[in-house]
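Chemist: Sharing a structure with you now.
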Amino acid sequence: MNPFKYGRVVSKNDYCTRQDLETALKTKLLAAQNTYLEGERRTGKTSLIFETVRKMKTKKIVYADLLEVRSVEDIHKRVLNAVVKAEKDFGVLQKMLKNFAALRPIMTYDPMTGSPTISVDSSITMLPDSLEGLFDLFTGSEFKNAVVVIDEFQDILNLPDARQSLAIMRSKIQFLDEIPFVFCGSLRSKIHMIFNDPESPFFKSALPIEVGPIDHGRFSEFIGLKFRETKIKISAATIERLLHISHENPGDTQQLCAAIYDVAEAGSEVTESTLHESLMQVFAEEQKGYESTLARITGIQLKCLVALARQGGNNVLSGEFTTVSGIRLPSTIKKSLERLENLKIIFKTVREYKFVNPFFAQWLIYKNF
């Protein structure tokens, strides 16, 4: 069995320990301190939360993912499903659903996992005020040991009445002072704005924890150990090479390692040729996604992407970048980059622009765009 897991929450032996962050988060959870996790995409924020709570043993997670929510009804559906997955008492669930009869909720069971799921009437339109009742759920005694995790929290800004929705959520959450809420998201600039902009309803309502790359030495050791368990030899230099390709993001690194495991034979040694073959496998798995991305952008935006892939995103308004991209006007480059960021193809850190998917950058170079 492939020992490298990606694209989902990992725990126990599949999780690379991050002791300092786990300790910091645990301290805040025990104090019922609301927290938000800042960090780039796929840096393992969700796995960090789940593993920290798992080790605490006395807490349970209510995990709601707000990825691409577009309406108040979406928020209701995501939070209700999170509660249903966390609560095992069928009687409690039935009572809870009666309180949301206006949504016409229907509870069904996933045939693959047996887990309950909630669907609601999509024709119903709800106002932000209805969020008061939704968050009243957490006043029940069954949630006294809960940790409420709201992932991709920044996507609530997609709502046409986002500010009002945030204000109502904030007004309810501030009185749930025995339950720690943990917010995180993959767009650092937006999640930072929600908690640090004085005009935001959530201004200074939670303390930050910075989640960067896993400690380089610790992560290298973890990768080497995983390969040794599979009887595949890999040198320290090759581990450095694959970490460079994956930008050291835990999810992307595990994906590349999983591809290496697929193409290598037990007892063999990972070489540059193995790395190349593994990248070819990743490209084959993701090519439809790459092509879909290309279909959504203009020729000018593609030129910007190619220049980013070849030059990096440190100085996108330099003469060198304009030469490589073939775009003369810095204002055009800036506008294109903003659009690519809105499409979640790239993201901006304090110092530079980066690809959301580092393998897409490698593919653009490989295809000689």
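Chain labels A, B, ... are given in the sequence in which chains occur in the structure tokens; within each chain residues are numbered consecutively from 1, and ligands are likewise numbered from 1 in the order shown.
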Might you pull out every residue within 8 Å of segment 19-23 of chain A, with only C-alpha atoms counted and same-chain residues fewer than 3 positions away left off, and present them as a ChimeraX atom specification?

Modeler: /A:26-27,48-49,52,209,211

Chemist: Using only C-alpha atoms, which residues sit within 7 Å of segment 271-277 of chain A once same-chain residues fewer than 4 positions away are excluded, as a PyMOL selection string?

Modeler: chain A and resi 260+264+281

Chemist: Kindly export the residues of the current selection with N, CA and C atoms, as a PDB file, in the first residue's frame.

Modeler:
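Listing of out13.pdb after writing:
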```
ATOM      1  N   ILE A 260       6.352   8.693  -6.959  1.00  0.00           N
ATOM      2  CA  ILE A 260       7.652   8.006  -6.953  1.00  0.00           C
ATOM      3  C   ILE A 260       7.469   6.556  -6.509  1.00  0.00           C
ATOM      4  N   ALA A 264       8.635   3.430  -8.847  1.00  0.00           N
ATOM      5  CA  ALA A 264       9.884   2.790  -8.405  1.00  0.00           C
ATOM      6  C   ALA A 264       9.608   1.351  -7.971  1.00  0.00           C
ATOM      7  N   GLN A 281       3.851  11.160 -14.404  1.00  0.00           N
ATOM      8  CA  GLN A 281       2.624  10.557 -13.880  1.00  0.00           C
ATOM      9  C   GLN A 281       1.707  11.612 -13.284  1.00  0.00           C
TER      10      GLN A 281
END
```

Chemist: Do you know which residues are at most 12 Å from Glu38 of chain A counting only C-alpha atoms, after dropping those on the same chain fewer than 3 positions away, and could you put them as a ChimeraX atom specification?

Modeler: /A:21,35,41-46,151-154,182-196,206-213,349

Chemist: Kindly indicate which residue among A:Lys5, A:Leu66, A:Val263, A:Val149 lies nearest to Phe50 of chain A, using only C-alpha atoms for the distances.

Modeler: A:Val149

Chemist: With only C-alpha atoms as the atoms that count, which of A:Phe202, A:Asn158, A:Ala307, A:Thr230 lies nearest to Asn342 of chain A?

Modeler: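 Result for the nearest residue to Asn342 of chain A: A:Asn158.
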
Chemist: Set the distance at 7 Å and use only C-alpha atoms: which residues neighbour segment 215-228 of chain A once local chain neighbours fewer than 6 positions away are removed? I'd like the list as a list in words.

Modeler: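 Listing them by chain and then by number gives Pro3, Cys16, Ile234 and Ile239 of chain A.
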
Chemist: Those residues with N, CA, C and O atoms, as a JSON list (two decimals), in the first residue's frame please?

Modeler:
```json
[["chain", "number", "residue", "atom", "x", "y", "z"],
["A", 3, "PRO", "N", 2.38, 4.45, 1.05],
["A", 3, "PRO", "CA", 2.40, 5.08, 2.37],
["A", 3, "PRO", "C", 2.22, 6.59, 2.35],
["A", 3, "PRO", "O", 2.13, 7.22, 3.42],
["A", 16, "CYS", "N", 3.24, 14.27, 9.74],
["A", 16, "CYS", "CA", 4.57, 14.70, 10.19],
["A", 16, "CYS", "C", 4.40, 15.65, 11.38],
["A", 16, "CYS", "O", 3.81, 16.73, 11.24],
["A", 234, "ILE", "N", 16.53, 6.36, -1.15],
["A", 234, "ILE", "CA", 16.50, 7.74, -1.63],
["A", 234, "ILE", "C", 17.56, 8.53, -0.87],
["A", 234, "ILE", "O", 17.66, 8.44, 0.36],
["A", 239, "ILE", "N", 15.98, 13.94, -1.90],
["A", 239, "ILE", "CA", 14.89, 14.51, -1.09],
["A", 239, "ILE", "C", 14.87, 16.03, -1.22],
["A", 239, "ILE", "O", 13.80, 16.64, -1.36]]
```

Chemist: According to DSSP computed on the backbone, where in segment 173-289 of chain A is there strand (DSSP E or B)? Give the residues as a ChimeraX atom specification.

Modeler: /A:181-184,207-210,233,269

Chemist: Once you have the residues from the selection above, write them out as a short mmCIF file (atom, residue, chain, number, x, y, z; two decimals), in the first residue's frame, restricted to all heavy atoms.

Modeler:
```
data_model
loop_
_atom_site.label_atom_id
_atom_site.label_comp_id
_atom_site.auth_asym_id
_atom_site.auth_seq_id
_atom_site.Cartn_x
_atom_site.Cartn_y
_atom_site.Cartn_z
N PHE A 181 -13.50 28.37 18.63
CA PHE A 181 -13.69 28.34 17.19
C PHE A 181 -12.33 28.50 16.53
O PHE A 181 -11.53 29.35 16.94
CB PHE A 181 -14.62 29.48 16.73
CG PHE A 181 -16.07 29.18 16.92
CD1 PHE A 181 -16.65 29.17 18.18
CD2 PHE A 181 -16.89 28.92 15.82
CE1 PHE A 181 -18.00 28.90 18.35
CE2 PHE A 181 -18.24 28.65 15.98
CZ PHE A 181 -18.79 28.63 17.25
N VAL A 182 -12.08 27.68 15.51
CA VAL A 182 -10.83 27.77 14.76
C VAL A 182 -11.18 28.06 13.30
O VAL A 182 -11.93 27.30 12.68
CB VAL A 182 -10.01 26.47 14.84
CG1 VAL A 182 -8.70 26.62 14.07
CG2 VAL A 182 -9.73 26.10 16.30
N PHE A 183 -10.68 29.16 12.79
CA PHE A 183 -10.94 29.57 11.41
C PHE A 183 -9.67 29.39 10.59
O PHE A 183 -8.57 29.72 11.06
CB PHE A 183 -11.37 31.03 11.36
CG PHE A 183 -12.53 31.38 12.25
CD1 PHE A 183 -12.31 31.80 13.56
CD2 PHE A 183 -13.83 31.28 11.79
CE1 PHE A 183 -13.37 32.12 14.40
CE2 PHE A 183 -14.90 31.60 12.63
CZ PHE A 183 -14.67 32.01 13.93
N CYS A 184 -9.80 28.91 9.38
CA CYS A 184 -8.63 28.86 8.51
C CYS A 184 -9.09 28.96 7.06
O CYS A 184 -10.28 28.84 6.75
CB CYS A 184 -7.79 27.61 8.74
SG CYS A 184 -8.66 26.05 8.72
N LEU A 207 -7.16 35.05 17.78
CA LEU A 207 -5.70 35.19 17.79
C LEU A 207 -5.10 34.34 16.66
O LEU A 207 -5.58 33.23 16.39
CB LEU A 207 -5.13 34.73 19.14
CG LEU A 207 -5.50 35.59 20.35
CD1 LEU A 207 -4.88 35.00 21.60
CD2 LEU A 207 -5.05 37.03 20.15
N PRO A 208 -4.04 34.84 16.03
CA PRO A 208 -3.47 34.12 14.89
C PRO A 208 -2.44 33.07 15.30
O PRO A 208 -1.77 33.20 16.32
CB PRO A 208 -2.80 35.23 14.09
CG PRO A 208 -2.36 36.21 15.14
CD PRO A 208 -3.42 36.17 16.22
N ILE A 209 -2.36 32.03 14.48
CA ILE A 209 -1.25 31.09 14.52
C ILE A 209 -0.72 30.99 13.10
O ILE A 209 -1.47 30.69 12.17
CB ILE A 209 -1.67 29.70 15.03
CG1 ILE A 209 -2.01 29.76 16.52
CG2 ILE A 209 -0.55 28.67 14.79
CD1 ILE A 209 -2.43 28.41 17.10
N GLU A 210 0.55 31.27 12.93
CA GLU A 210 1.17 31.23 11.61
C GLU A 210 1.57 29.80 11.29
O GLU A 210 2.32 29.17 12.03
CB GLU A 210 2.41 32.13 11.59
CG GLU A 210 3.19 32.11 10.30
CD GLU A 210 2.52 32.88 9.18
OE1 GLU A 210 1.69 33.77 9.49
OE2 GLU A 210 2.82 32.59 8.01
N LYS A 233 15.25 3.15 -1.82
CA LYS A 233 16.38 3.97 -1.39
C LYS A 233 16.27 5.37 -1.97
O LYS A 233 15.93 5.54 -3.15
CB LYS A 233 17.69 3.33 -1.84
CG LYS A 233 17.91 1.92 -1.31
CD LYS A 233 19.14 1.29 -1.95
CE LYS A 233 19.30 -0.16 -1.51
NZ LYS A 233 20.45 -0.81 -2.18
N GLU A 269 16.78 2.52 -6.23
CA GLU A 269 17.13 3.85 -5.71
C GLU A 269 16.48 4.92 -6.57
O GLU A 269 16.46 4.81 -7.80
CB GLU A 269 18.64 4.05 -5.68
CG GLU A 269 19.04 5.40 -5.08
CD GLU A 269 20.52 5.51 -4.81
OE1 GLU A 269 21.26 4.54 -5.09
OE2 GLU A 269 20.94 6.56 -4.29
#
```

Chemist: Between atom CA of Lys348 of chain A and atom CA of Cys257 of chain A, what is the spacing in Å?

Modeler: 26.1 Å

Chemist: Between A:Thr17, A:Asn2, A:Asn34, A:Ser141, which is the closest to Lys204 of chain A once you count only C-alpha atoms?

Modeler: A:Asn34

Chemist: Please provide as a list in words all residues within 9 Å of Phe321 of chain A, with the sequence filter that same-chain residues fewer than 3 positions apart are discarded (counting only C-alpha atoms).

Modeler: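 So, after excluding close chain neighbours, the residues are Cys304, Ala307, Leu308, Gln311, Gly312, Gly313, Asn315, Val316, Leu317, Ser318, Val324, Ser325, Gly326 and Ile327 of chain A.
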
Chemist: At a cut-off of 9 Å, using only C-alpha atoms, what residues contact Gln255 of chain A? Leave out same-chain residues fewer than 3 positions from it and give the result as JSON, numbers by chain.

Modeler: {"A": [4, 5, 6, 7, 246, 250, 251, 252, 258, 259, 260, 282]}
